[in-house]
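Okay, work37.txt is below, compact mmCIF, C-alpha atoms and all ligand atoms:
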# COMPACT_ATOMS: atom_id res chain seq x y z
CA MET J 138 -29.69 160.41 -23.39
CA GLN J 139 -27.36 162.07 -25.81
CA TRP J 140 -28.39 165.56 -26.77
CA THR J 141 -27.38 165.04 -30.38
CA GLU J 142 -30.05 162.36 -30.58
CA LYS J 143 -32.58 164.01 -28.34
CA HIS J 144 -32.40 167.26 -30.28
CA ARG J 145 -31.83 165.87 -33.74
CA PRO J 146 -34.01 167.89 -36.11
CA LYS J 147 -37.02 166.01 -37.43
CA TYR J 148 -37.91 168.38 -40.23
CA SER J 149 -35.69 170.08 -42.75
CA LYS J 150 -36.71 173.55 -41.63
CA GLU J 151 -35.06 172.83 -38.28
CA ILE J 152 -31.76 171.97 -39.95
CA GLN J 153 -29.68 175.11 -39.69
CA GLY J 154 -27.39 176.65 -42.24
CA GLN J 155 -28.04 174.20 -45.05
CA ASN J 156 -30.86 175.85 -46.99
CA GLU J 157 -29.27 175.49 -50.38
CA ALA J 158 -28.67 171.79 -49.94
CA ILE J 159 -32.17 171.28 -48.55
CA ALA J 160 -33.72 172.85 -51.65
CA LYS J 161 -31.64 170.68 -53.95
CA ILE J 162 -32.43 167.43 -52.24
CA LYS J 163 -36.15 168.22 -52.06
CA ASN J 164 -36.14 168.97 -55.73
CA PHE J 165 -34.38 165.75 -56.49
CA VAL J 166 -36.81 163.57 -54.54
CA GLU J 167 -39.94 165.34 -55.77
CA ASN J 168 -38.87 165.16 -59.39
CA PHE J 169 -38.12 161.52 -58.94
CA TYR J 170 -41.60 160.77 -57.64
CA LEU J 171 -43.29 162.93 -60.24
CA GLY J 172 -41.61 160.86 -62.88
CA LYS J 173 -40.01 163.98 -64.26
CA LEU J 174 -36.80 162.11 -64.48
CA THR J 175 -35.47 162.36 -67.99
CA LYS J 176 -32.80 159.98 -69.18
CA THR J 177 -30.08 162.49 -68.48
CA LYS J 178 -31.09 163.03 -64.86
CA LYS J 179 -29.24 161.22 -62.16
CA LYS J 180 -31.04 158.67 -60.02
CA ALA J 181 -28.81 159.05 -57.00
CA LEU J 182 -27.71 162.02 -54.99
CA VAL J 183 -24.64 162.26 -52.80
CA LEU J 184 -24.72 164.51 -49.76
CA HIS J 185 -21.11 165.17 -48.97
CA GLY J 186 -19.22 167.27 -46.48
CA PRO J 187 -17.38 167.13 -43.15
CA PRO J 188 -18.73 165.25 -40.11
CA GLY J 189 -21.53 166.50 -37.90
CA ILE J 190 -23.21 169.02 -40.18
CA GLY J 191 -26.54 167.34 -40.84
CA LYS J 192 -26.12 164.91 -43.75
CA THR J 193 -27.75 161.89 -42.17
CA THR J 194 -30.29 164.07 -40.39
CA LEU J 195 -31.27 165.72 -43.66
CA ALA J 196 -31.81 162.43 -45.46
CA HIS J 197 -34.17 161.27 -42.71
CA ALA J 198 -36.01 164.58 -42.57
CA ILE J 199 -36.64 164.57 -46.32
CA ALA J 200 -37.98 161.03 -46.12
CA ARG J 201 -40.39 162.10 -43.40
CA GLU J 202 -41.55 165.12 -45.37
CA THR J 203 -42.11 163.23 -48.59
CA ASN J 204 -43.98 160.48 -46.79
CA SER J 205 -41.33 157.94 -47.73
CA GLU J 206 -40.07 155.01 -45.83
CA ILE J 207 -36.30 154.74 -45.54
CA PHE J 208 -34.37 151.71 -46.59
CA GLU J 209 -30.97 152.14 -45.02
CA LEU J 210 -27.68 150.48 -45.86
CA ASN J 211 -24.31 151.16 -44.33
CA ALA J 212 -20.76 150.65 -45.47
CA SER J 213 -20.51 147.14 -44.08
CA ASP J 214 -23.51 146.08 -46.17
CA LEU J 215 -21.55 147.22 -49.17
CA ARG J 216 -18.59 145.00 -48.53
CA ASN J 217 -20.02 141.92 -50.06
CA LYS J 218 -21.18 142.21 -53.62
CA LEU J 219 -23.56 139.26 -53.50
CA LYS J 220 -25.04 140.23 -50.18
CA LEU J 221 -25.61 143.74 -51.43
CA LYS J 222 -27.41 142.48 -54.48
CA GLU J 223 -29.51 140.24 -52.32
CA ILE J 224 -30.57 143.09 -50.03
CA LEU J 225 -30.76 146.03 -52.33
CA LYS J 226 -32.11 144.60 -55.55
CA PRO J 227 -35.54 143.66 -54.19
CA ALA J 228 -35.71 147.01 -52.40
CA ILE J 229 -35.17 149.08 -55.52
CA GLU J 230 -37.60 147.09 -57.62
CA GLN J 231 -40.52 146.46 -55.33
CA GLN J 232 -43.27 149.06 -55.18
CA SER J 233 -44.55 149.55 -51.70
CA LEU J 234 -48.11 148.31 -51.34
CA ILE J 235 -49.61 151.25 -49.59
CA LYS J 236 -48.71 153.88 -52.05
CA LYS J 237 -45.89 155.28 -50.08
CA GLY J 238 -42.57 156.49 -51.32
CA LYS J 239 -39.28 154.94 -50.48
CA ILE J 240 -35.81 156.41 -50.20
CA ILE J 241 -32.76 154.22 -50.29
CA LEU J 242 -30.14 155.67 -47.96
CA VAL J 243 -26.56 154.52 -48.22
CA ASP J 244 -25.00 156.18 -45.20
CA GLU J 245 -21.27 156.91 -44.98
CA VAL J 246 -20.24 155.36 -48.23
CA ASP J 247 -16.58 156.30 -47.75
CA GLY J 248 -16.42 153.83 -44.89
CA ILE J 249 -16.00 151.23 -47.58
CA SER J 250 -12.39 150.34 -48.21
CA ALA J 251 -10.70 150.24 -51.57
CA ALA J 252 -10.30 146.50 -51.12
CA ASP J 253 -14.05 145.95 -50.97
CA ARG J 254 -14.68 147.76 -54.16
CA GLY J 255 -16.92 145.00 -55.55
CA GLY J 256 -19.85 146.24 -53.54
CA LEU J 257 -19.39 149.75 -54.80
CA THR J 258 -19.44 148.60 -58.42
CA GLU J 259 -22.61 146.69 -57.68
CA LEU J 260 -24.16 149.79 -56.14
CA LEU J 261 -23.35 151.75 -59.29
CA SER J 262 -25.13 149.26 -61.50
CA LEU J 263 -28.13 149.20 -59.18
CA ILE J 264 -28.37 152.98 -59.45
CA THR J 265 -29.19 152.52 -63.13
CA LEU J 266 -32.02 150.13 -62.29
CA THR J 267 -33.61 151.77 -59.30
CA ASN J 268 -37.28 152.77 -59.11
CA PHE J 269 -36.64 154.80 -56.01
CA PRO J 270 -34.40 157.73 -55.25
CA ILE J 271 -31.06 156.78 -53.73
CA ILE J 272 -29.41 159.15 -51.29
CA ILE J 273 -25.81 158.54 -50.35
CA THR J 274 -23.79 160.34 -47.71
CA ALA J 275 -20.02 160.73 -47.73
CA ASN J 276 -17.38 162.81 -46.02
CA ASP J 277 -14.86 162.91 -48.83
CA ILE J 278 -16.39 162.51 -52.24
CA TRP J 279 -13.07 163.29 -53.93
CA ASN J 280 -11.53 160.07 -52.79
CA ALA J 281 -10.27 158.05 -55.75
CA LYS J 282 -12.38 155.03 -54.92
CA LEU J 283 -15.54 157.09 -55.34
CA SER J 284 -14.77 158.37 -58.82
CA GLY J 285 -17.37 156.09 -60.42
CA LEU J 286 -20.00 157.30 -58.03
CA ARG J 287 -19.19 160.93 -58.75
CA LYS J 288 -20.19 160.43 -62.37
CA LYS J 289 -23.42 158.59 -61.62
CA ALA J 290 -24.81 160.81 -58.92
CA GLU J 291 -25.83 164.39 -58.40
CA LEU J 292 -23.46 165.94 -55.88
CA VAL J 293 -24.72 168.20 -53.14
CA ASN J 294 -22.20 169.77 -50.86
CA LEU J 295 -23.05 170.53 -47.24
CA LYS J 296 -20.79 173.08 -45.65
CA GLU J 297 -19.49 173.50 -42.16
CA VAL J 298 -22.02 175.36 -40.11
CA ASP J 299 -20.88 178.90 -39.33
CA TYR J 300 -20.15 179.71 -35.76
CA ASN J 301 -23.05 182.07 -35.10
CA THR J 302 -25.49 179.45 -36.30
CA ILE J 303 -23.81 176.91 -34.05
CA LYS J 304 -24.32 179.26 -31.13
CA ASP J 305 -28.00 179.66 -32.03
CA VAL J 306 -28.51 175.91 -32.11
CA MET J 307 -26.79 175.55 -28.74
CA ILE J 308 -28.86 178.32 -27.16
CA ASN J 309 -32.01 176.66 -28.44
CA ILE J 310 -31.03 173.34 -26.91
CA LEU J 311 -30.16 174.96 -23.59
CA ARG J 312 -33.56 176.62 -23.56
CA LYS J 313 -35.26 173.27 -24.04
CA GLU J 314 -33.06 171.73 -21.37
CA ASN J 315 -33.76 174.62 -19.04
CA HIS J 316 -30.09 175.20 -18.50
CA PHE J 317 -27.89 178.26 -18.61
CA ILE J 318 -24.31 178.60 -19.73
CA ASN J 319 -22.49 181.88 -20.05
CA ASN J 320 -21.97 183.44 -23.43
CA ASN J 321 -18.15 183.30 -23.37
CA ILE J 322 -18.20 179.59 -22.90
CA LEU J 323 -20.70 179.15 -25.72
CA THR J 324 -18.47 181.20 -27.99
CA LYS J 325 -15.49 179.06 -27.10
CA ILE J 326 -17.34 175.84 -27.78
CA ALA J 327 -18.60 177.17 -31.09
CA ILE J 328 -15.16 178.25 -32.26
CA LYS J 329 -13.54 175.07 -31.17
CA SER J 330 -16.04 172.90 -33.04
CA ARG J 331 -14.89 174.31 -36.40
CA GLY J 332 -18.28 173.92 -37.99
CA ASP J 333 -19.03 170.48 -36.58
CA LEU J 334 -22.39 170.80 -34.85
CA ARG J 335 -22.29 167.33 -33.43
CA ALA J 336 -18.98 168.08 -31.73
CA ALA J 337 -20.38 171.37 -30.42
CA ILE J 338 -23.51 169.75 -28.99
CA ASN J 339 -21.49 166.97 -27.40
CA ASP J 340 -19.21 169.53 -25.76
CA LEU J 341 -22.21 171.51 -24.66
CA GLN J 342 -23.72 168.47 -22.97
CA THR J 343 -20.47 167.64 -21.20
CA ILE J 344 -19.98 171.20 -20.03
CA SER J 345 -23.58 171.36 -18.83
CA SER J 346 -23.04 168.36 -16.61
CA ILE J 347 -20.23 170.17 -14.77
CA LYS J 348 -20.91 172.51 -11.91
CA ASP J 349 -19.49 175.98 -12.48
CA PRO J 350 -17.66 175.29 -15.73
CA THR J 351 -14.85 177.66 -16.67
CA GLU J 352 -13.48 178.72 -20.03
CA ASN J 353 -10.18 177.00 -19.25
CA LEU J 354 -11.96 173.72 -19.16
CA ILE J 355 -12.67 174.03 -22.86
CA ASP J 356 -9.02 174.69 -23.60
CA GLU J 357 -8.14 171.55 -21.74
CA ARG J 358 -10.66 169.58 -23.70
CA LYS J 359 -9.11 170.89 -26.88
CA LYS J 360 -6.06 168.76 -26.25
CA GLU J 361 -8.21 165.70 -26.08
CA ILE J 362 -9.66 166.29 -29.51
CA ASP J 363 -6.71 164.61 -31.12
CA ILE J 364 -7.10 161.48 -29.08
CA PHE J 365 -10.80 161.32 -29.95
CA ASN J 366 -10.00 161.47 -33.64
CA ALA J 367 -7.21 158.95 -33.29
CA LEU J 368 -9.48 156.50 -31.48
CA ARG J 369 -12.14 157.00 -34.09
CA LEU J 370 -9.72 156.12 -36.88
CA VAL J 371 -8.31 153.12 -35.06
CA PHE J 372 -11.63 151.67 -33.93
CA LYS J 373 -13.73 152.48 -36.95
CA GLY J 374 -11.39 152.59 -39.92
CA LYS J 375 -9.61 149.98 -41.93
CA PRO J 376 -6.00 149.47 -40.74
CA THR J 377 -3.57 151.16 -43.11
CA ASP J 378 -0.06 152.64 -43.02
CA GLU J 379 -1.64 155.78 -41.73
CA THR J 380 -3.02 153.85 -38.77
CA LEU J 381 0.54 152.90 -37.81
CA ARG J 382 1.52 156.53 -37.38
CA ILE J 383 -1.71 157.69 -35.89
CA TYR J 384 -0.53 158.23 -32.32
CA ASP J 385 2.42 160.36 -33.44
CA SER J 386 0.07 163.27 -33.88
CA VAL J 387 -1.53 162.84 -30.49
CA LYS J 388 0.13 164.99 -27.89
CA MET J 389 -0.04 162.42 -25.18
CA PRO J 390 2.42 159.85 -23.82
CA ILE J 391 1.82 156.37 -25.17
CA ASP J 392 1.10 155.02 -21.68
CA ASN J 393 -1.86 157.36 -21.42
CA ILE J 394 -3.04 156.30 -24.83
CA ILE J 395 -3.09 152.70 -23.59
CA LEU J 396 -5.59 153.75 -20.93
CA TRP J 397 -7.75 155.54 -23.49
CA VAL J 398 -7.81 152.51 -25.75
CA GLU J 399 -8.55 150.19 -22.87
CA GLU J 400 -11.36 152.37 -21.62
CA ASN J 401 -13.09 152.75 -24.95
CA VAL J 402 -12.58 149.51 -26.81
CA PRO J 403 -15.69 147.89 -25.28
CA LEU J 404 -17.79 150.71 -26.75
CA GLU J 405 -16.84 149.62 -30.25
CA TYR J 406 -15.93 145.94 -30.27
CA GLN J 407 -17.93 142.90 -29.36
CA LYS J 408 -17.20 139.29 -28.49
CA LYS J 409 -14.27 137.95 -30.52
CA GLU J 410 -13.16 141.39 -31.60
CA LEU J 411 -13.07 142.51 -28.00
CA LYS J 412 -11.17 139.47 -26.88
CA ARG J 413 -8.52 140.00 -29.56
CA ALA J 414 -8.23 143.66 -28.62
CA TYR J 415 -7.84 142.97 -24.90
CA ASP J 416 -5.29 140.32 -25.73
CA LEU J 417 -3.22 142.92 -27.55
CA ILE J 418 -3.58 145.43 -24.75
CA SER J 419 -2.22 142.87 -22.33
CA LYS J 420 0.75 142.29 -24.66
CA VAL J 421 1.33 146.02 -24.76
CA ASP J 422 1.43 145.93 -21.00
CA VAL J 423 4.05 143.20 -21.04
CA PHE J 424 6.25 145.27 -23.35
CA LYS J 425 5.72 148.26 -21.13
CA LYS J 426 7.09 146.37 -18.14
CA ARG J 427 10.08 145.11 -20.11
CA ILE J 428 10.89 148.60 -21.27
CA TYR J 429 10.86 149.92 -17.72
CA ARG J 430 12.73 147.03 -16.18
CA GLN J 431 15.34 146.38 -18.82
CA GLN J 432 15.39 149.74 -20.57
CA TYR J 433 14.77 148.05 -23.91
CA TRP J 434 13.52 151.14 -25.63
CA ARG J 435 13.26 149.41 -28.97
CA PHE J 436 10.15 147.68 -27.61
CA LEU J 437 8.45 151.02 -27.74
CA VAL J 438 7.75 150.56 -31.40
CA TYR J 439 5.91 147.30 -30.71
CA LYS J 440 3.71 149.01 -28.20
CA ASN J 441 2.79 151.53 -30.81
CA ILE J 442 2.11 148.97 -33.53
CA LEU J 443 -0.02 146.73 -31.35
CA LEU J 444 -2.02 149.63 -30.08
CA SER J 445 -2.68 151.15 -33.49
CA TYR J 446 -2.66 148.67 -36.35
CA GLY J 447 -3.19 145.71 -34.03
CA ILE J 448 -6.26 147.08 -32.33
CA SER J 449 -7.59 148.38 -35.62
CA SER J 450 -7.36 144.99 -37.27
CA SER J 451 -9.01 143.20 -34.35
CA LYS J 452 -12.41 144.09 -35.66
CA GLU J 453 -14.38 142.08 -38.14
CA ASP J 454 -16.28 144.87 -39.82
CA ILE J 455 -15.72 148.53 -40.45
CA LYS J 456 -17.72 150.44 -37.85
CA THR J 457 -19.95 153.33 -38.70
CA GLY J 458 -21.86 155.87 -36.68
CA PHE J 459 -20.65 158.09 -33.92
CA THR J 460 -19.33 156.99 -30.56
CA ASN J 461 -18.79 159.29 -27.66
CA TYR J 462 -15.47 158.16 -26.18
CA ASN J 463 -14.80 158.43 -22.47
CA LYS J 464 -11.85 159.69 -20.52
CA PRO J 465 -10.03 156.81 -18.80
CA THR J 466 -11.31 156.22 -15.31
CA ARG J 467 -8.56 153.88 -14.26
CA ILE J 468 -6.05 156.59 -13.43
CA LEU J 469 -8.59 158.05 -11.09
CA LYS J 470 -9.16 154.71 -9.45
CA ILE J 471 -5.43 154.14 -8.99
CA TRP J 472 -5.11 157.58 -7.51
CA LEU J 473 -8.00 157.03 -5.10
CA ASN J 474 -6.48 153.76 -4.08
CA ASN J 475 -3.10 155.37 -3.47
CA GLN J 476 -4.81 158.01 -1.44
CA LYS J 477 -6.20 155.27 0.77
CA THR J 478 -2.93 153.44 1.37
CA PHE J 479 -1.27 156.80 1.72
CA LYS J 480 -3.13 157.49 4.98
CA LYS J 481 -2.65 153.97 6.18
CA LYS J 482 1.09 154.34 5.57
CA SER J 483 1.38 157.63 7.41
CA ILE J 484 -0.42 156.18 10.42
CA ALA J 485 1.77 153.06 10.35
CA LYS J 486 4.85 155.26 10.26
CA LYS J 487 3.88 157.16 13.38
CA TYR J 488 2.96 153.98 15.20
CA ALA J 489 6.13 152.19 14.16
CA ARG J 490 8.31 154.98 15.47
CA LYS J 491 6.55 154.90 18.81
CA VAL J 492 6.75 151.16 19.41
CA HIS J 493 10.14 150.65 17.74
CA VAL J 494 9.18 148.11 15.13
CA GLY J 495 9.41 148.22 11.35
CA GLU J 496 6.82 150.11 9.37
CA LYS J 497 6.29 147.13 7.12
CA ARG J 498 5.31 144.93 10.02
CA ILE J 499 2.78 147.47 11.18
CA MET J 500 1.31 147.58 7.69
CA ASN J 501 0.99 143.79 7.72
CA GLU J 502 -0.63 143.74 11.13
CA PHE J 503 -2.78 146.75 10.49
CA PRO J 504 -6.12 144.98 11.08
CA VAL J 505 -5.04 144.18 14.66
CA ILE J 506 -3.47 147.55 15.25
CA ARG J 507 -6.64 149.22 14.07
CA ASN J 508 -8.25 148.06 17.32
CA ILE J 509 -5.57 149.61 19.42
CA LEU J 510 -5.92 152.79 17.43
CA LYS J 511 -9.53 153.09 18.52
CA ASN J 512 -8.31 154.31 21.87
CA PRO J 513 -8.45 158.12 21.93
CA GLU J 514 -5.42 158.31 24.16
CA VAL J 515 -3.34 156.36 21.69
CA ARG J 516 -4.55 158.66 18.96
CA ARG J 517 -3.50 161.69 20.95
CA GLU J 518 -0.15 160.18 21.79
CA LEU J 519 0.55 159.52 18.11
CA ARG J 520 -0.64 162.99 17.15
CA LEU J 521 -2.85 161.63 14.39
CA SER J 522 -4.26 164.23 12.04
CA ASP J 523 -7.97 164.74 11.50
CA GLU J 524 -7.75 163.02 8.12
CA GLU J 525 -5.97 160.05 9.64
CA ILE J 526 -8.62 159.77 12.32
CA ALA J 527 -11.35 160.02 9.71
CA TYR J 528 -9.65 157.22 7.82
CA LEU J 529 -9.63 155.01 10.90
CA ASP J 530 -13.25 155.76 11.75
CA LYS J 531 -14.51 155.01 8.27
CA PRO J 532 -16.18 151.60 8.16
CA ILE J 533 -14.03 149.17 6.19
N1 LIG G 1 -27.41 171.71 -39.65
C1 LIG G 1 -27.79 171.26 -38.43
N2 LIG G 1 -28.78 171.87 -37.72
C2 LIG G 1 -29.13 171.43 -36.50
N3 LIG G 1 -28.55 170.36 -35.89
C3 LIG G 1 -27.57 169.72 -36.54
C4 LIG G 1 -27.15 170.13 -37.84
N4 LIG G 1 -26.14 169.33 -38.22
C5 LIG G 1 -25.94 168.46 -37.24
N5 LIG G 1 -26.80 168.69 -36.21
C6 LIG G 1 -26.78 167.95 -34.94
O1 LIG G 1 -25.67 167.07 -34.97
C7 LIG G 1 -26.08 165.72 -34.94
C8 LIG G 1 -25.29 164.93 -35.96
O2 LIG G 1 -25.68 165.29 -37.27
P1 LIG G 1 -25.65 164.25 -38.47
O3 LIG G 1 -25.74 162.85 -37.95
O4 LIG G 1 -26.68 164.63 -39.44
O5 LIG G 1 -24.21 164.50 -39.04
P2 LIG G 1 -23.55 163.97 -40.39
O6 LIG G 1 -23.35 165.15 -41.26
O7 LIG G 1 -24.35 162.83 -40.93
O8 LIG G 1 -22.12 163.50 -39.86
P3 LIG G 1 -21.22 162.23 -40.29
O9 LIG G 1 -20.48 162.62 -41.53
O10 LIG G 1 -20.26 162.07 -39.14
O11 LIG G 1 -22.14 161.07 -40.46
C9 LIG G 1 -27.58 165.74 -35.18
O12 LIG G 1 -28.21 164.72 -34.43
C10 LIG G 1 -28.01 167.10 -34.71
O13 LIG G 1 -28.26 167.05 -33.34
MG MG G 2 -23.99 160.77 -40.89
Could you write out this structure as structure tokens?
Ligand SMILES: Nc1ncnc2c1ncn2[C@@H]1O[C@H](COP(=O)(O)OP(=O)(O)OP(=O)(O)O)[C@@H](O)[C@H]1O
Ligand SMILES: [Mg+2]
Amino acid sequence: MQWTEKHRPKYSKEIQGQNEAIAKIKNFVENFYLGKLTKTKKKALVLHGPPGIGKTTLAHAIARETNSEIFELNASDLRNKLKLKEILKPAIEQQSLIKKGKIILVDEVDGISAADRGGLTELLSLITLTNFPIIITANDIWNAKLSGLRKKAELVNLKEVDYNTIKDVMINILRKENHFINNNILTKIAIKSRGDLRAAINDLQTISSIKDPTENLIDERKKEIDIFNALRLVFKGKPTDETLRIYDSVKMPIDNIILWVEENVPLEYQKKELKRAYDLISKVDVFKKRIYRQQYWRFLVYKNILLSYGISSSKEDIKTGFTNYNKPTRILKIWLNNQKTFKKKSIAKKYARKVHVGEKRIMNEFPVIRNILKNPEVRRELRLSDEEIAYLDKPI
């Protein structure tokens, strides 16, 4: 289980480094319920700030503490104006039967694209009508498409968590997990996370799963940060001009990026989306071959387009939430496979020289020759190495 979920704070007092914001949001919800809301007060509150600092967690914690149920919407619910009205209108009007509060949570509102603005307009008009507090989360509240929302809602800014606090949270988690990691590594993780606690906890979990981790390991992982962000934008975001250039900023050859995309696309896309994406990846592969064979370097640009904009537009809906992307495993498999044929080849070479036939023929007839190679005298004669002998003795 992911540590970010397992150790997600349940109560606001466990949320670190956000005291000011916690007080504001509590105030907002309590005033709302007490009916202290004057006409000038806002009926919605936007929690905004960078990723992984506790926005979603805080909304849920406040609901728990004010004995409210949560009615949650995400960006894809906002895409369709009519659908939004259908879902949200009854929710904001209806009183809950058992006198319990209710908080409407619109998570990650900036996931909505400028093109689907209808839903956003609808949300704004529902804010005027609501009987329940609406909490909205956003990364970038200053985006032009959210200007209407800025006027209608109280804005609460959550800041990046400072690095000492990040270290405290990590130490706490390690204590609960009964695990130890040396202080220098913790410092490195904390600095690298740049205030993003989710990123820090994810790194911490990865590092904890490695035996004898070193500080260098974290530096290596730093390089991968760019690819994680790039994948996130491609898989989750709406395809734009920016998507087209996305891999330019990733310090990684495009052929490696193909492997990353291939490895992680099933984590994000389903059914038809996945089929379209795999179809594109296979086209990318075709171009790759043509580039190598015919040196048609101009195909390179197609590879890039298919892999960025193409993959991005294969999805049906904007994706929200966090996905922990994996390192490609295929390279490793290819390498292991090569390792295997590598030994077979070296044995075939020695045998071929001895019996004066071609190495290729020996490779083809290897299953038969294997039997001959069981004889210890033959092995000695060929001067097979220990590894080669181990290879032969391994059950096929
Ligand atoms: N202030 C915090 N104190 C303790 N843990 C935190 C804090 N902020 C984040 N976390 C940890 O990071 C995880 C992710 O936090 P959360 O989902 O609240 O981020 P977010 O601000 O909503 O990010 P995003 O903008 O990407 O949605 C939590 O499950 C929790 O484990
Ligand atoms: Mg969130």
For this session: Would you mind telling me which residue in J:Asn301, J:Gln139, J:Asn217, J:Thr267 lies nearest to J:Gln231 when using all atoms listed in the file?
Result: J:Thr267
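The closest residue to ligand MG 2 (chain G), picked from J:Ser205, J:Ser346, J:Asn461, J:Thr274 and counting all atoms listed in the file, is J:Thr274.
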Would you mind listing the residues within 10 Å of ligand MG 2 (chain G), counting all atoms listed in the file, as a PDB file with C-alpha atoms, in the coordinates of the input?
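Writing the result to selection.pdb gives the following:
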ATOM      1  CA  LEU J 184     -24.720 164.510 -49.760  1.00  0.00           C
ATOM      2  CA  HIS J 185     -21.110 165.170 -48.970  1.00  0.00           C
ATOM      3  CA  GLY J 186     -19.220 167.270 -46.480  1.00  0.00           C
ATOM      4  CA  PRO J 187     -17.380 167.130 -43.150  1.00  0.00           C
ATOM      5  CA  PRO J 188     -18.730 165.250 -40.110  1.00  0.00           C
ATOM      6  CA  GLY J 189     -21.530 166.500 -37.900  1.00  0.00           C
ATOM      7  CA  ILE J 190     -23.210 169.020 -40.180  1.00  0.00           C
ATOM      8  CA  GLY J 191     -26.540 167.340 -40.840  1.00  0.00           C
ATOM      9  CA  LYS J 192     -26.120 164.910 -43.750  1.00  0.00           C
ATOM     10  CA  THR J 193     -27.750 161.890 -42.170  1.00  0.00           C
ATOM     11  CA  THR J 194     -30.290 164.070 -40.390  1.00  0.00           C
ATOM     12  CA  LEU J 195     -31.270 165.720 -43.660  1.00  0.00           C
ATOM     13  CA  ALA J 196     -31.810 162.430 -45.460  1.00  0.00           C
ATOM     14  CA  VAL J 243     -26.560 154.520 -48.220  1.00  0.00           C
ATOM     15  CA  ASP J 244     -25.000 156.180 -45.200  1.00  0.00           C
ATOM     16  CA  GLU J 245     -21.270 156.910 -44.980  1.00  0.00           C
ATOM     17  CA  VAL J 246     -20.240 155.360 -48.230  1.00  0.00           C
ATOM     18  CA  ILE J 273     -25.810 158.540 -50.350  1.00  0.00           C
ATOM     19  CA  THR J 274     -23.790 160.340 -47.710  1.00  0.00           C
ATOM     20  CA  ALA J 275     -20.020 160.730 -47.730  1.00  0.00           C
ATOM     21  CA  ASN J 276     -17.380 162.810 -46.020  1.00  0.00           C
ATOM     22  CA  THR J 457     -19.950 153.330 -38.700  1.00  0.00           C
ATOM     23  CA  GLY J 458     -21.860 155.870 -36.680  1.00  0.00           C
ATOM     24  CA  PHE J 459     -20.650 158.090 -33.920  1.00  0.00           C
TER      25      PHE J 459
END
For this session: Please identify all polymer residues within 7 Å of stretch 413-423 of chain J, counting only C-alpha atoms, omitting same-chain residues fewer than 2 positions from it, and present them as a ChimeraX atom specification.
Result: /J:409-411,425-427,440,443-444,448,451
Atoms kept (C-alpha atoms) for selection, written as a PDB file, in the coordinates of the input:
ATOM      1  CA  LYS J 409     -14.270 137.950 -30.520  1.00  0.00           C
ATOM      2  CA  GLU J 410     -13.160 141.390 -31.600  1.00  0.00           C
ATOM      3  CA  LEU J 411     -13.070 142.510 -28.000  1.00  0.00           C
ATOM      4  CA  LYS J 425       5.720 148.260 -21.130  1.00  0.00           C
ATOM      5  CA  LYS J 426       7.090 146.370 -18.140  1.00  0.00           C
ATOM      6  CA  ARG J 427      10.080 145.110 -20.110  1.00  0.00           C
ATOM      7  CA  LYS J 440       3.710 149.010 -28.200  1.00  0.00           C
ATOM      8  CA  LEU J 443      -0.020 146.730 -31.350  1.00  0.00           C
ATOM      9  CA  LEU J 444      -2.020 149.630 -30.080  1.00  0.00           C
ATOM     10  CA  ILE J 448      -6.260 147.080 -32.330  1.00  0.00           C
ATOM     11  CA  SER J 451      -9.010 143.200 -34.350  1.00  0.00           C
TER      12      SER J 451
END
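Relative to atom CA of J:Ala198, atom CA of J:Glu230 is found at 23.1 Å.
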For this session: Within 8 Å of (-2.2, 163.5, -33.3) (coordinates as in the file), grab all the protein and nucleic acid residues, counting all atoms listed in the file, and write them out as an MDAnalysis selection string.
Result: chainID J and resid 363:364 367 383:388
If you keep C-alpha atoms, can you produce a file of those selected residues as a PDB file, keeping the file's coordinate frame?
ATOM      1  CA  ASP J 363      -6.710 164.610 -31.120  1.00  0.00           C
ATOM      2  CA  ILE J 364      -7.100 161.480 -29.080  1.00  0.00           C
ATOM      3  CA  ALA J 367      -7.210 158.950 -33.290  1.00  0.00           C
ATOM      4  CA  ILE J 383      -1.710 157.690 -35.890  1.00  0.00           C
ATOM      5  CA  TYR J 384      -0.530 158.230 -32.320  1.00  0.00           C
ATOM      6  CA  ASP J 385       2.420 160.360 -33.440  1.00  0.00           C
ATOM      7  CA  SER J 386       0.070 163.270 -33.880  1.00  0.00           C
ATOM      8  CA  VAL J 387      -1.530 162.840 -30.490  1.00  0.00           C
ATOM      9  CA  LYS J 388       0.130 164.990 -27.890  1.00  0.00           C
TER      10      LYS J 388
END
Problem set entry | Contact residues around J:Leu261 with all atoms listed in the file at 12 Å, ignoring same-chain residues under 5 positions, as a ChimeraX atom specification | /J:179-182,215,218,221-222,225-226,243,254-256,266-267,271,273,283-290
For this session: Neighbourhood query: residues within 8 Å of (-21.5, 172.3, -30.1), file coordinates, counting only C-alpha atoms; return as a PyMOL selection string.
Result: chain J and resi 303-304+307+326-327+330+333-341
For this session: Would you list the contacts of J:Trp397 as a VMD selection string, taking every protein, DNA or RNA residue within 6 Å and counting all atoms listed in the file, but skipping same-chain residues closer than 3 positions in sequence?
Result: chain J and resid 394 400 465
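The space between atom CA of J:Ile229 and atom CA of J:Asp247 spans 21.4 Å.
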Just save stretch 200-209 of chain J with C-alpha atoms, as a short mmCIF file (atom, residue, chain, number, x, y, z; two decimals), in the first residue's frame.
data_model
loop_
_atom_site.label_atom_id
_atom_site.label_comp_id
_atom_site.auth_asym_id
_atom_site.auth_seq_id
_atom_site.Cartn_x
_atom_site.Cartn_y
_atom_site.Cartn_z
CA ALA J 200 -15.44 17.34 6.81
CA ARG J 201 -14.66 14.66 9.37
CA GLU J 202 -14.24 17.19 12.15
CA THR J 203 -17.43 19.06 11.40
CA ASN J 204 -19.40 15.84 11.14
CA SER J 205 -20.15 16.49 7.49
CA GLU J 206 -20.50 14.09 4.67
CA ILE J 207 -18.49 14.90 1.56
CA PHE J 208 -20.01 15.22 -1.84
CA GLU J 209 -17.10 15.09 -4.23
#
